[in-house]
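A short write-up of the structure that comes next.
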Amino acid sequence: MAKILVVDDSSTVRDEVAGFLRKNGLDVDTAVDGKDGLAKLKASPGIKLVVSDVNMPNMDGLTMAEKIRGELANSAVNIIMLTTESSPAMKERGKAAGVKGWIVKPFKGDAVLETFRKLSS
Amino acid sequence: MISSQAKDSIERIFYKAAQARLPMAPGDVCGIVAIKPNSAGAKDRTEGLTEGRAGDGGASRAGKPQTHTGQVVVLTISGILFRLMLLLHFNEDDSTRDYFVKDDAQSTFEEIVAEISNLCCGAMNQELLRYFPDLGMSTPYMLSAQCVPHLEDLKPSYLSSYAIQLGDSVHIVATLCVCADGPIDFVADVTAVEESSGELELF
């Protein structure tokens with residue numbers, strides 16, 4: 001089964017999002033920041049969708065997205081940002097880094113579940 | 001450097017964000033009362049406030065001011081013109097813990113209130129971005145509550161604290177501190193019902 005990687009420095013958000021997706025039959029792994037997310041992605045080629053926060057210590061989510069496309073040369077994985085940030089400039093940077101979509105927190109699982117299924121299949 | 005209508009706008013943006021994001025359940029009472037006039041002598045807004053419920057945009061009754069003990073969650077919104085700090089002081093008593101932690105055994109109280117504070121500040125950031133497109137927001141961090149009185153040392157253009165009551169027994173104190181680097185004048189329209197949060201915007 002294809003995996004979804006949830007990247008957030010908040011354990012509350014990681015647990016909420018990963019728990020909801022697992023409850024709905026999806027295979028989920030988690031990472032605590034962008035650096036950890038990159039390492040998990042390198043180690044698990046089955047990951048098809050990354051759902052990531054933007055503001056995180058060590059490496060932020062947009063830098064991670066840029067490295068996924070650049071350093072890892074991975075253009076196949078879908079990247080969705082899940083963040084309190086909503087600035088147009090950040091979204092533009094996300095688009096330029098190949099981010100597929102943007103969700104402003106709080107997470108409402110029912111609103112995105114089917115799209116997450118498609119993007120992770 | 002901050003006009004009175006801008007101060008009023010910041011306060012209304014805070015009220016809207018707090019009432020939308022701090023209650024754990026829709027319909028929970030969320031009362032907010034200014035407990036200290038801001039440094040420029042703005043009128044205390046406790047008069048004429050009415051009780052409200054989460055999400056209805058209403059203000060409400062007074063909560064209990066707290067002493068500067070324990071920890072506060074601090075978040076910063078920064079741009080070219082100003083730096084805004086939001087400090088939220090949660091008592092770690094049984095009723096507050098029960099209200100926020102509930103049956104979430106995986107996260108600590110600190111982690112949960114940090115994320116709640118992050119959502120509240122994020123909602124403020126979202127509103128402020130309409131008027132100041134260059135803003136960025138910090139991650140939440142914890143500081144000793146003893147730092148709160150020292151905010152005045154920053155010589156803020158706006159400093160105000162608020163007592164917030166959630167449900168029947170949960171009391172939080174919020175402090176807003178804005179240091180301006182230039183003239184700030186805007187009028188926020190917080191009446192618009194914009195509930196885009198949680199929806200996926202595909203590029």
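Naming scheme: A, B, ... for chains in displayed order of the structure tokens; residues 1 onward per chain; ligands 1 onward as shown.
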
For this session: Please return, as number ranges by chain, all residues of chain A lying within 10 Å of chain B when only C-alpha atoms are considered.
Result: A: 9-16, 54-57, 80-92, 94-95, 98-112, 115-116

Selected residues written out with C-alpha atoms, as a JSON list (two decimals), in the first residue's frame:
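out-v3.json, freshly written:
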[["chain", "number", "residue", "atom", "x", "y", "z"],
["A", 9, "ASP", "CA", 6.82, 19.42, 14.77],
["A", 10, "SER", "CA", 3.63, 19.39, 16.84],
["A", 11, "SER", "CA", 2.91, 15.92, 18.17],
["A", 12, "THR", "CA", -0.69, 17.01, 18.61],
["A", 13, "VAL", "CA", -1.06, 17.65, 14.89],
["A", 14, "ARG", "CA", 0.93, 14.56, 13.89],
["A", 15, "ASP", "CA", -1.27, 12.38, 16.06],
["A", 16, "GLU", "CA", -4.48, 14.03, 14.91],
["A", 54, "VAL", "CA", 5.60, 24.97, 6.97],
["A", 55, "ASN", "CA", 7.08, 26.45, 10.16],
["A", 56, "MET", "CA", 9.24, 23.85, 11.84],
["A", 57, "PRO", "CA", 12.62, 23.84, 13.59],
["A", 80, "ILE", "CA", 0.55, 19.19, 0.38],
["A", 81, "MET", "CA", 1.26, 21.89, 2.95],
["A", 82, "LEU", "CA", -0.86, 21.90, 6.13],
["A", 83, "THR", "CA", -0.10, 25.12, 7.98],
["A", 84, "THR", "CA", -1.36, 28.19, 9.80],
["A", 85, "GLU", "CA", 0.44, 30.26, 7.14],
["A", 86, "SER", "CA", -1.72, 31.69, 4.39],
["A", 87, "SER", "CA", 0.45, 34.38, 2.84],
["A", 88, "PRO", "CA", 0.39, 34.58, -0.97],
["A", 89, "ALA", "CA", 4.19, 34.84, -0.99],
["A", 90, "MET", "CA", 4.54, 31.54, 0.86],
["A", 91, "LYS", "CA", 2.06, 29.87, -1.47],
["A", 92, "GLU", "CA", 4.00, 31.16, -4.47],
["A", 94, "GLY", "CA", 5.35, 26.46, -2.51],
["A", 95, "LYS", "CA", 4.11, 26.41, -6.09],
["A", 98, "GLY", "CA", 6.30, 21.84, -6.81],
["A", 99, "VAL", "CA", 3.84, 21.82, -3.93],
["A", 100, "LYS", "CA", 0.53, 20.43, -5.14],
["A", 101, "GLY", "CA", -1.83, 22.05, -2.63],
["A", 102, "TRP", "CA", -2.26, 24.12, 0.49],
["A", 103, "ILE", "CA", -4.44, 23.65, 3.57],
["A", 104, "VAL", "CA", -4.79, 26.29, 6.27],
["A", 105, "LYS", "CA", -5.09, 24.68, 9.73],
["A", 106, "PRO", "CA", -7.09, 23.46, 11.55],
["A", 107, "PHE", "CA", -7.15, 20.07, 9.82],
["A", 108, "LYS", "CA", -10.59, 18.91, 8.75],
["A", 109, "GLY", "CA", -10.08, 15.35, 7.66],
["A", 110, "ASP", "CA", -13.45, 14.73, 6.05],
["A", 111, "ALA", "CA", -12.87, 17.65, 3.67],
["A", 112, "VAL", "CA", -9.66, 16.20, 2.24],
["A", 115, "THR", "CA", -8.23, 13.79, -2.36],
["A", 116, "PHE", "CA", -5.56, 12.33, -0.08]]

For this session: From a DSSP calculation on the backbone, collect every residue of range 16-187 of chain B in strand (DSSP E or B) and output the set as a PyMOL selection string.
Result: chain B and resi 29-36+53+71-78+82-90+136-137+141-144+158-166+170-180+184

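For the atom pair formed by CA of Val72 in chain B and CA of Phe90 in chain B, the distance is 6.8 Å, given to one decimal.
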
Shell around Tyr162 in chain B at 7 Å using only C-alpha atoms, local window under 2 positions removed, as a PDB file with C-alpha atoms, in the first residue's frame:
ATOM      1  CA  ILE B  32     -13.037  37.853  26.618  1.00  0.00           C
ATOM      2  CA  VAL B  33     -12.505  41.010  28.630  1.00  0.00           C
ATOM      3  CA  ALA B  34      -9.664  43.499  28.479  1.00  0.00           C
ATOM      4  CA  ILE B  35      -8.098  43.545  31.928  1.00  0.00           C
ATOM      5  CA  SER B 160      -2.943  44.943  26.441  1.00  0.00           C
ATOM      6  CA  ILE B 164     -10.537  34.717  28.669  1.00  0.00           C
ATOM      7  CA  VAL B 173      -4.813  35.303  30.213  1.00  0.00           C
ATOM      8  CA  ALA B 174      -3.710  36.607  26.812  1.00  0.00           C
ATOM      9  CA  THR B 175      -1.332  39.491  26.275  1.00  0.00           C
TER      10      THR B 175
END

Surrounding residues of Lys42 in chain A excluding itself and chain neighbours under 4 positions, 10 Å, only C-alpha atoms, as a short mmCIF file (atom, residue, chain, number, x, y, z; two decimals) with C-alpha atoms, in the first residue's frame:
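After the write, part_1.cif holds the following:
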data_model
loop_
_atom_site.label_atom_id
_atom_site.label_comp_id
_atom_site.auth_asym_id
_atom_site.auth_seq_id
_atom_site.Cartn_x
_atom_site.Cartn_y
_atom_site.Cartn_z
CA ASP A 36 13.43 14.04 9.42
CA GLY A 37 10.91 14.13 6.57
CA LEU A 38 13.67 14.03 3.95
CA GLY A 46 6.66 3.80 -1.25
CA ILE A 47 5.66 7.24 0.00
CA ILE A 68 12.64 16.78 -2.45
CA LEU A 72 16.33 13.96 -4.17
CA ASN A 74 11.85 13.18 -6.73
#

Exercise. Excluding same-chain residues fewer than 2 positions from Lys3 in chain A, what lies within 12 Å of it counting only C-alpha atoms, as JSON, numbers by chain?
Worked result: {"A": [1, 5, 6, 18, 21, 22, 25, 26, 27, 28, 29, 30, 40, 41, 44, 45, 46, 47, 48, 49, 50, 51, 77, 78, 116, 117, 118, 119, 120, 121]}

Exercise. Interatomic distance between CA of Thr96 in chain B and CA of Ile172 in chain B?
Worked result: 8.9 Å

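Closest approach to Ser4 in chain B among B:Val73, B:Val101, B:Leu86, B:Val187 is made by B:Val187 (distances from only C-alpha atoms).
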
For this session: With a distance cut-off of 6 Å and only C-alpha atoms, select the neighbouring residues of range 61-63 of chain A, excluding the residue or stretch itself and same-chain residues fewer than 2 positions from it, and output the selection as a ChimeraX atom specification.
Result: /A:34,52-54,65-66

Can you check which residues of chain B DSSP gives as helix (DSSP H, G or I) on the backbone and send them as a PDB file with N, CA and C atoms, in the first residue's frame?
ATOM      1  N   SER B   4      -5.387  54.935  16.667  1.00  0.00           N
ATOM      2  CA  SER B   4      -6.378  54.275  17.526  1.00  0.00           C
ATOM      3  C   SER B   4      -7.239  53.302  16.752  1.00  0.00           C
ATOM      4  N   GLN B   5      -7.538  53.611  15.500  1.00  0.00           N
ATOM      5  CA  GLN B   5      -8.361  52.649  14.755  1.00  0.00           C
ATOM      6  C   GLN B   5      -7.570  51.381  14.431  1.00  0.00           C
ATOM      7  N   ALA B   6      -6.253  51.507  14.302  1.00  0.00           N
ATOM      8  CA  ALA B   6      -5.428  50.305  14.089  1.00  0.00           C
ATOM      9  C   ALA B   6      -5.373  49.463  15.361  1.00  0.00           C
ATOM     10  N   LYS B   7      -5.259  50.138  16.531  1.00  0.00           N
ATOM     11  CA  LYS B   7      -5.279  49.395  17.807  1.00  0.00           C
ATOM     12  C   LYS B   7      -6.602  48.661  17.980  1.00  0.00           C
ATOM     13  N   ASP B   8      -7.663  49.374  17.670  1.00  0.00           N
ATOM     14  CA  ASP B   8      -8.983  48.764  17.780  1.00  0.00           C
ATOM     15  C   ASP B   8      -9.094  47.570  16.820  1.00  0.00           C
ATOM     16  N   SER B   9      -8.514  47.722  15.624  1.00  0.00           N
ATOM     17  CA  SER B   9      -8.556  46.639  14.633  1.00  0.00           C
ATOM     18  C   SER B   9      -7.788  45.413  15.118  1.00  0.00           C
ATOM     19  N   ILE B  10      -6.602  45.652  15.688  1.00  0.00           N
ATOM     20  CA  ILE B  10      -5.798  44.529  16.200  1.00  0.00           C
ATOM     21  C   ILE B  10      -6.570  43.799  17.292  1.00  0.00           C
ATOM     22  N   GLU B  11      -7.212  44.572  18.148  1.00  0.00           N
ATOM     23  CA  GLU B  11      -7.974  43.951  19.233  1.00  0.00           C
ATOM     24  C   GLU B  11      -9.155  43.137  18.689  1.00  0.00           C
ATOM     25  N   ARG B  12      -9.841  43.676  17.705  1.00  0.00           N
ATOM     26  CA  ARG B  12     -10.984  42.939  17.141  1.00  0.00           C
ATOM     27  C   ARG B  12     -10.519  41.673  16.415  1.00  0.00           C
ATOM     28  N   ILE B  13      -9.382  41.779  15.756  1.00  0.00           N
ATOM     29  CA  ILE B  13      -8.817  40.594  15.096  1.00  0.00           C
ATOM     30  C   ILE B  13      -8.478  39.529  16.142  1.00  0.00           C
ATOM     31  N   PHE B  14      -7.916  39.971  17.266  1.00  0.00           N
ATOM     32  CA  PHE B  14      -7.596  39.021  18.347  1.00  0.00           C
ATOM     33  C   PHE B  14      -8.870  38.371  18.896  1.00  0.00           C
ATOM     34  N   TYR B  15      -9.893  39.193  19.145  1.00  0.00           N
ATOM     35  CA  TYR B  15     -11.154  38.641  19.675  1.00  0.00           C
ATOM     36  C   TYR B  15     -11.703  37.561  18.736  1.00  0.00           C
ATOM     37  N   LYS B  16     -11.704  37.883  17.448  1.00  0.00           N
ATOM     38  CA  LYS B  16     -12.265  36.931  16.477  1.00  0.00           C
ATOM     39  C   LYS B  16     -11.451  35.630  16.454  1.00  0.00           C
ATOM     40  N   ALA B  17     -10.137  35.778  16.460  1.00  0.00           N
ATOM     41  CA  ALA B  17      -9.268  34.599  16.410  1.00  0.00           C
ATOM     42  C   ALA B  17      -9.424  33.756  17.670  1.00  0.00           C
ATOM     43  N   ALA B  18      -9.454  34.417  18.824  1.00  0.00           N
ATOM     44  CA  ALA B  18      -9.559  33.683  20.090  1.00  0.00           C
ATOM     45  C   ALA B  18     -10.891  32.950  20.179  1.00  0.00           C
ATOM     46  N   GLN B  19     -11.955  33.612  19.785  1.00  0.00           N
ATOM     47  CA  GLN B  19     -13.269  32.968  19.886  1.00  0.00           C
ATOM     48  C   GLN B  19     -13.421  31.826  18.883  1.00  0.00           C
ATOM     49  N   ALA B  20     -12.684  31.915  17.774  1.00  0.00           N
ATOM     50  CA  ALA B  20     -12.772  30.852  16.773  1.00  0.00           C
ATOM     51  C   ALA B  20     -11.891  29.662  17.105  1.00  0.00           C
ATOM     52  N   ARG B  21     -10.739  29.915  17.747  1.00  0.00           N
ATOM     53  CA  ARG B  21      -9.732  28.855  17.853  1.00  0.00           C
ATOM     54  C   ARG B  21      -9.457  28.327  19.262  1.00  0.00           C
ATOM     55  N   ASP B  94      -6.571  21.272  37.311  1.00  0.00           N
ATOM     56  CA  ASP B  94      -7.302  20.097  36.819  1.00  0.00           C
ATOM     57  C   ASP B  94      -8.341  20.450  35.762  1.00  0.00           C
ATOM     58  N   SER B  95      -9.077  21.542  35.983  1.00  0.00           N
ATOM     59  CA  SER B  95     -10.149  21.866  35.030  1.00  0.00           C
ATOM     60  C   SER B  95      -9.567  22.274  33.678  1.00  0.00           C
ATOM     61  N   THR B  96      -8.459  23.016  33.701  1.00  0.00           N
ATOM     62  CA  THR B  96      -7.831  23.426  32.433  1.00  0.00           C
ATOM     63  C   THR B  96      -7.258  22.213  31.720  1.00  0.00           C
ATOM     64  N   ARG B  97      -6.578  21.347  32.477  1.00  0.00           N
ATOM     65  CA  ARG B  97      -5.995  20.134  31.894  1.00  0.00           C
ATOM     66  C   ARG B  97      -7.097  19.253  31.302  1.00  0.00           C
ATOM     67  N   ASP B  98      -8.169  19.073  32.069  1.00  0.00           N
ATOM     68  CA  ASP B  98      -9.270  18.231  31.583  1.00  0.00           C
ATOM     69  C   ASP B  98      -9.883  18.816  30.310  1.00  0.00           C
ATOM     70  N   TYR B  99      -9.986  20.139  30.280  1.00  0.00           N
ATOM     71  CA  TYR B  99     -10.620  20.789  29.132  1.00  0.00           C
ATOM     72  C   TYR B  99      -9.808  20.596  27.856  1.00  0.00           C
ATOM     73  N   PHE B 100      -8.491  20.747  27.959  1.00  0.00           N
ATOM     74  CA  PHE B 100      -7.667  20.694  26.749  1.00  0.00           C
ATOM     75  C   PHE B 100      -7.151  19.295  26.424  1.00  0.00           C
ATOM     76  N   VAL B 101      -6.781  18.550  27.442  1.00  0.00           N
ATOM     77  CA  VAL B 101      -6.153  17.255  27.173  1.00  0.00           C
ATOM     78  C   VAL B 101      -7.212  16.193  26.861  1.00  0.00           C
ATOM     79  N   PHE B 109       0.238  18.225  28.001  1.00  0.00           N
ATOM     80  CA  PHE B 109      -0.530  19.464  28.134  1.00  0.00           C
ATOM     81  C   PHE B 109       0.168  20.610  27.388  1.00  0.00           C
ATOM     82  N   GLU B 110       1.495  20.702  27.547  1.00  0.00           N
ATOM     83  CA  GLU B 110       2.248  21.780  26.893  1.00  0.00           C
ATOM     84  C   GLU B 110       2.121  21.703  25.376  1.00  0.00           C
ATOM     85  N   GLU B 111       2.200  20.487  24.840  1.00  0.00           N
ATOM     86  CA  GLU B 111       2.102  20.333  23.378  1.00  0.00           C
ATOM     87  C   GLU B 111       0.711  20.739  22.880  1.00  0.00           C
ATOM     88  N   ILE B 112      -0.294  20.380  23.636  1.00  0.00           N
ATOM     89  CA  ILE B 112      -1.658  20.681  23.196  1.00  0.00           C
ATOM     90  C   ILE B 112      -1.931  22.181  23.242  1.00  0.00           C
ATOM     91  N   VAL B 113      -1.552  22.842  24.343  1.00  0.00           N
ATOM     92  CA  VAL B 113      -1.838  24.279  24.416  1.00  0.00           C
ATOM     93  C   VAL B 113      -0.944  25.055  23.446  1.00  0.00           C
ATOM     94  N   ALA B 114       0.242  24.530  23.151  1.00  0.00           N
ATOM     95  CA  ALA B 114       1.085  25.186  22.147  1.00  0.00           C
ATOM     96  C   ALA B 114       0.399  25.152  20.784  1.00  0.00           C
ATOM     97  N   GLU B 115      -0.220  24.033  20.436  1.00  0.00           N
ATOM     98  CA  GLU B 115      -0.887  23.928  19.138  1.00  0.00           C
ATOM     99  C   GLU B 115      -2.161  24.773  19.095  1.00  0.00           C
ATOM    100  N   ILE B 116      -2.909  24.804  20.204  1.00  0.00           N
ATOM    101  CA  ILE B 116      -4.100  25.652  20.270  1.00  0.00           C
ATOM    102  C   ILE B 116      -3.692  27.125  20.076  1.00  0.00           C
ATOM    103  N   SER B 117      -2.598  27.509  20.737  1.00  0.00           N
ATOM    104  CA  SER B 117      -2.105  28.885  20.615  1.00  0.00           C
ATOM    105  C   SER B 117      -1.645  29.165  19.191  1.00  0.00           C
ATOM    106  N   ASN B 118      -1.029  28.166  18.577  1.00  0.00           N
ATOM    107  CA  ASN B 118      -0.577  28.284  17.187  1.00  0.00           C
ATOM    108  C   ASN B 118      -1.766  28.546  16.252  1.00  0.00           C
ATOM    109  N   LEU B 119      -2.859  27.843  16.494  1.00  0.00           N
ATOM    110  CA  LEU B 119      -4.051  28.030  15.668  1.00  0.00           C
ATOM    111  C   LEU B 119      -4.642  29.428  15.875  1.00  0.00           C
ATOM    112  N   CYS B 120      -4.641  29.894  17.129  1.00  0.00           N
ATOM    113  CA  CYS B 120      -5.188  31.214  17.433  1.00  0.00           C
ATOM    114  C   CYS B 120      -4.353  32.307  16.756  1.00  0.00           C
ATOM    115  N   CYS B 121      -3.034  32.208  16.903  1.00  0.00           N
ATOM    116  CA  CYS B 121      -2.156  33.204  16.292  1.00  0.00           C
ATOM    117  C   CYS B 121      -2.221  33.101  14.763  1.00  0.00           C
ATOM    118  N   GLY B 122      -2.357  31.876  14.264  1.00  0.00           N
ATOM    119  CA  GLY B 122      -2.485  31.679  12.817  1.00  0.00           C
ATOM    120  C   GLY B 122      -3.721  32.364  12.265  1.00  0.00           C
ATOM    121  N   ALA B 123      -4.809  32.317  13.026  1.00  0.00           N
ATOM    122  CA  ALA B 123      -6.033  33.000  12.584  1.00  0.00           C
ATOM    123  C   ALA B 123      -5.827  34.509  12.578  1.00  0.00           C
ATOM    124  N   MET B 124      -5.087  35.025  13.566  1.00  0.00           N
ATOM    125  CA  MET B 124      -4.762  36.462  13.562  1.00  0.00           C
ATOM    126  C   MET B 124      -3.897  36.812  12.358  1.00  0.00           C
ATOM    127  N   ASN B 125      -2.908  35.963  12.110  1.00  0.00           N
ATOM    128  CA  ASN B 125      -2.001  36.186  10.985  1.00  0.00           C
ATOM    129  C   ASN B 125      -2.771  36.218   9.658  1.00  0.00           C
ATOM    130  N   GLN B 126      -3.729  35.310   9.553  1.00  0.00           N
ATOM    131  CA  GLN B 126      -4.523  35.232   8.326  1.00  0.00           C
ATOM    132  C   GLN B 126      -5.290  36.538   8.100  1.00  0.00           C
ATOM    133  N   GLU B 127      -5.858  37.091   9.167  1.00  0.00           N
ATOM    134  CA  GLU B 127      -6.593  38.365   9.040  1.00  0.00           C
ATOM    135  C   GLU B 127      -5.631  39.517   8.747  1.00  0.00           C
ATOM    136  N   LEU B 128      -4.512  39.550   9.462  1.00  0.00           N
ATOM    137  CA  LEU B 128      -3.570  40.664   9.286  1.00  0.00           C
ATOM    138  C   LEU B 128      -2.942  40.680   7.895  1.00  0.00           C
ATOM    139  N   ALA B 145       6.408  32.707  32.697  1.00  0.00           N
ATOM    140  CA  ALA B 145       5.431  33.798  32.761  1.00  0.00           C
ATOM    141  C   ALA B 145       6.010  35.043  33.426  1.00  0.00           C
ATOM    142  N   GLN B 146       7.147  34.876  34.080  1.00  0.00           N
ATOM    143  CA  GLN B 146       7.776  36.040  34.700  1.00  0.00           C
ATOM    144  C   GLN B 146       8.284  37.046  33.668  1.00  0.00           C
ATOM    145  N   CYS B 147       8.305  36.627  32.398  1.00  0.00           N
ATOM    146  CA  CYS B 147       8.767  37.555  31.355  1.00  0.00           C
ATOM    147  C   CYS B 147       7.700  38.608  31.033  1.00  0.00           C
ATOM    148  N   VAL B 148       6.457  38.326  31.374  1.00  0.00           N
ATOM    149  CA  VAL B 148       5.365  39.201  30.927  1.00  0.00           C
ATOM    150  C   VAL B 148       5.525  40.659  31.387  1.00  0.00           C
ATOM    151  N   PRO B 149       5.846  40.908  32.663  1.00  0.00           N
ATOM    152  CA  PRO B 149       5.981  42.318  33.065  1.00  0.00           C
ATOM    153  C   PRO B 149       7.093  43.053  32.316  1.00  0.00           C
ATOM    154  N   HIS B 150       8.065  42.293  31.788  1.00  0.00           N
ATOM    155  CA  HIS B 150       9.197  42.930  31.104  1.00  0.00           C
ATOM    156  C   HIS B 150       8.859  43.354  29.672  1.00  0.00           C
ATOM    157  N   LEU B 151       7.661  43.018  29.211  1.00  0.00           N
ATOM    158  CA  LEU B 151       7.273  43.463  27.865  1.00  0.00           C
ATOM    159  C   LEU B 151       7.314  44.985  27.761  1.00  0.00           C
ATOM    160  N   GLU B 152       7.041  45.648  28.867  1.00  0.00           N
ATOM    161  CA  GLU B 152       7.047  47.116  28.841  1.00  0.00           C
ATOM    162  C   GLU B 152       8.432  47.664  28.517  1.00  0.00           C
ATOM    163  N   ASP B 153       9.470  46.870  28.821  1.00  0.00           N
ATOM    164  CA  ASP B 153      10.830  47.316  28.510  1.00  0.00           C
ATOM    165  C   ASP B 153      11.064  47.434  26.998  1.00  0.00           C
ATOM    166  N   LEU B 154      10.223  46.742  26.217  1.00  0.00           N
ATOM    167  CA  LEU B 154      10.345  46.830  24.755  1.00  0.00           C
ATOM    168  C   LEU B 154       9.762  48.140  24.225  1.00  0.00           C
TER     169      LEU B 154
END

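Compared by their closest atoms to Tyr131 in chain B, and using only C-alpha atoms, the residues B:Leu166, B:Ile2, B:Ile184, B:Leu22 rank with B:Ile184 nearest.
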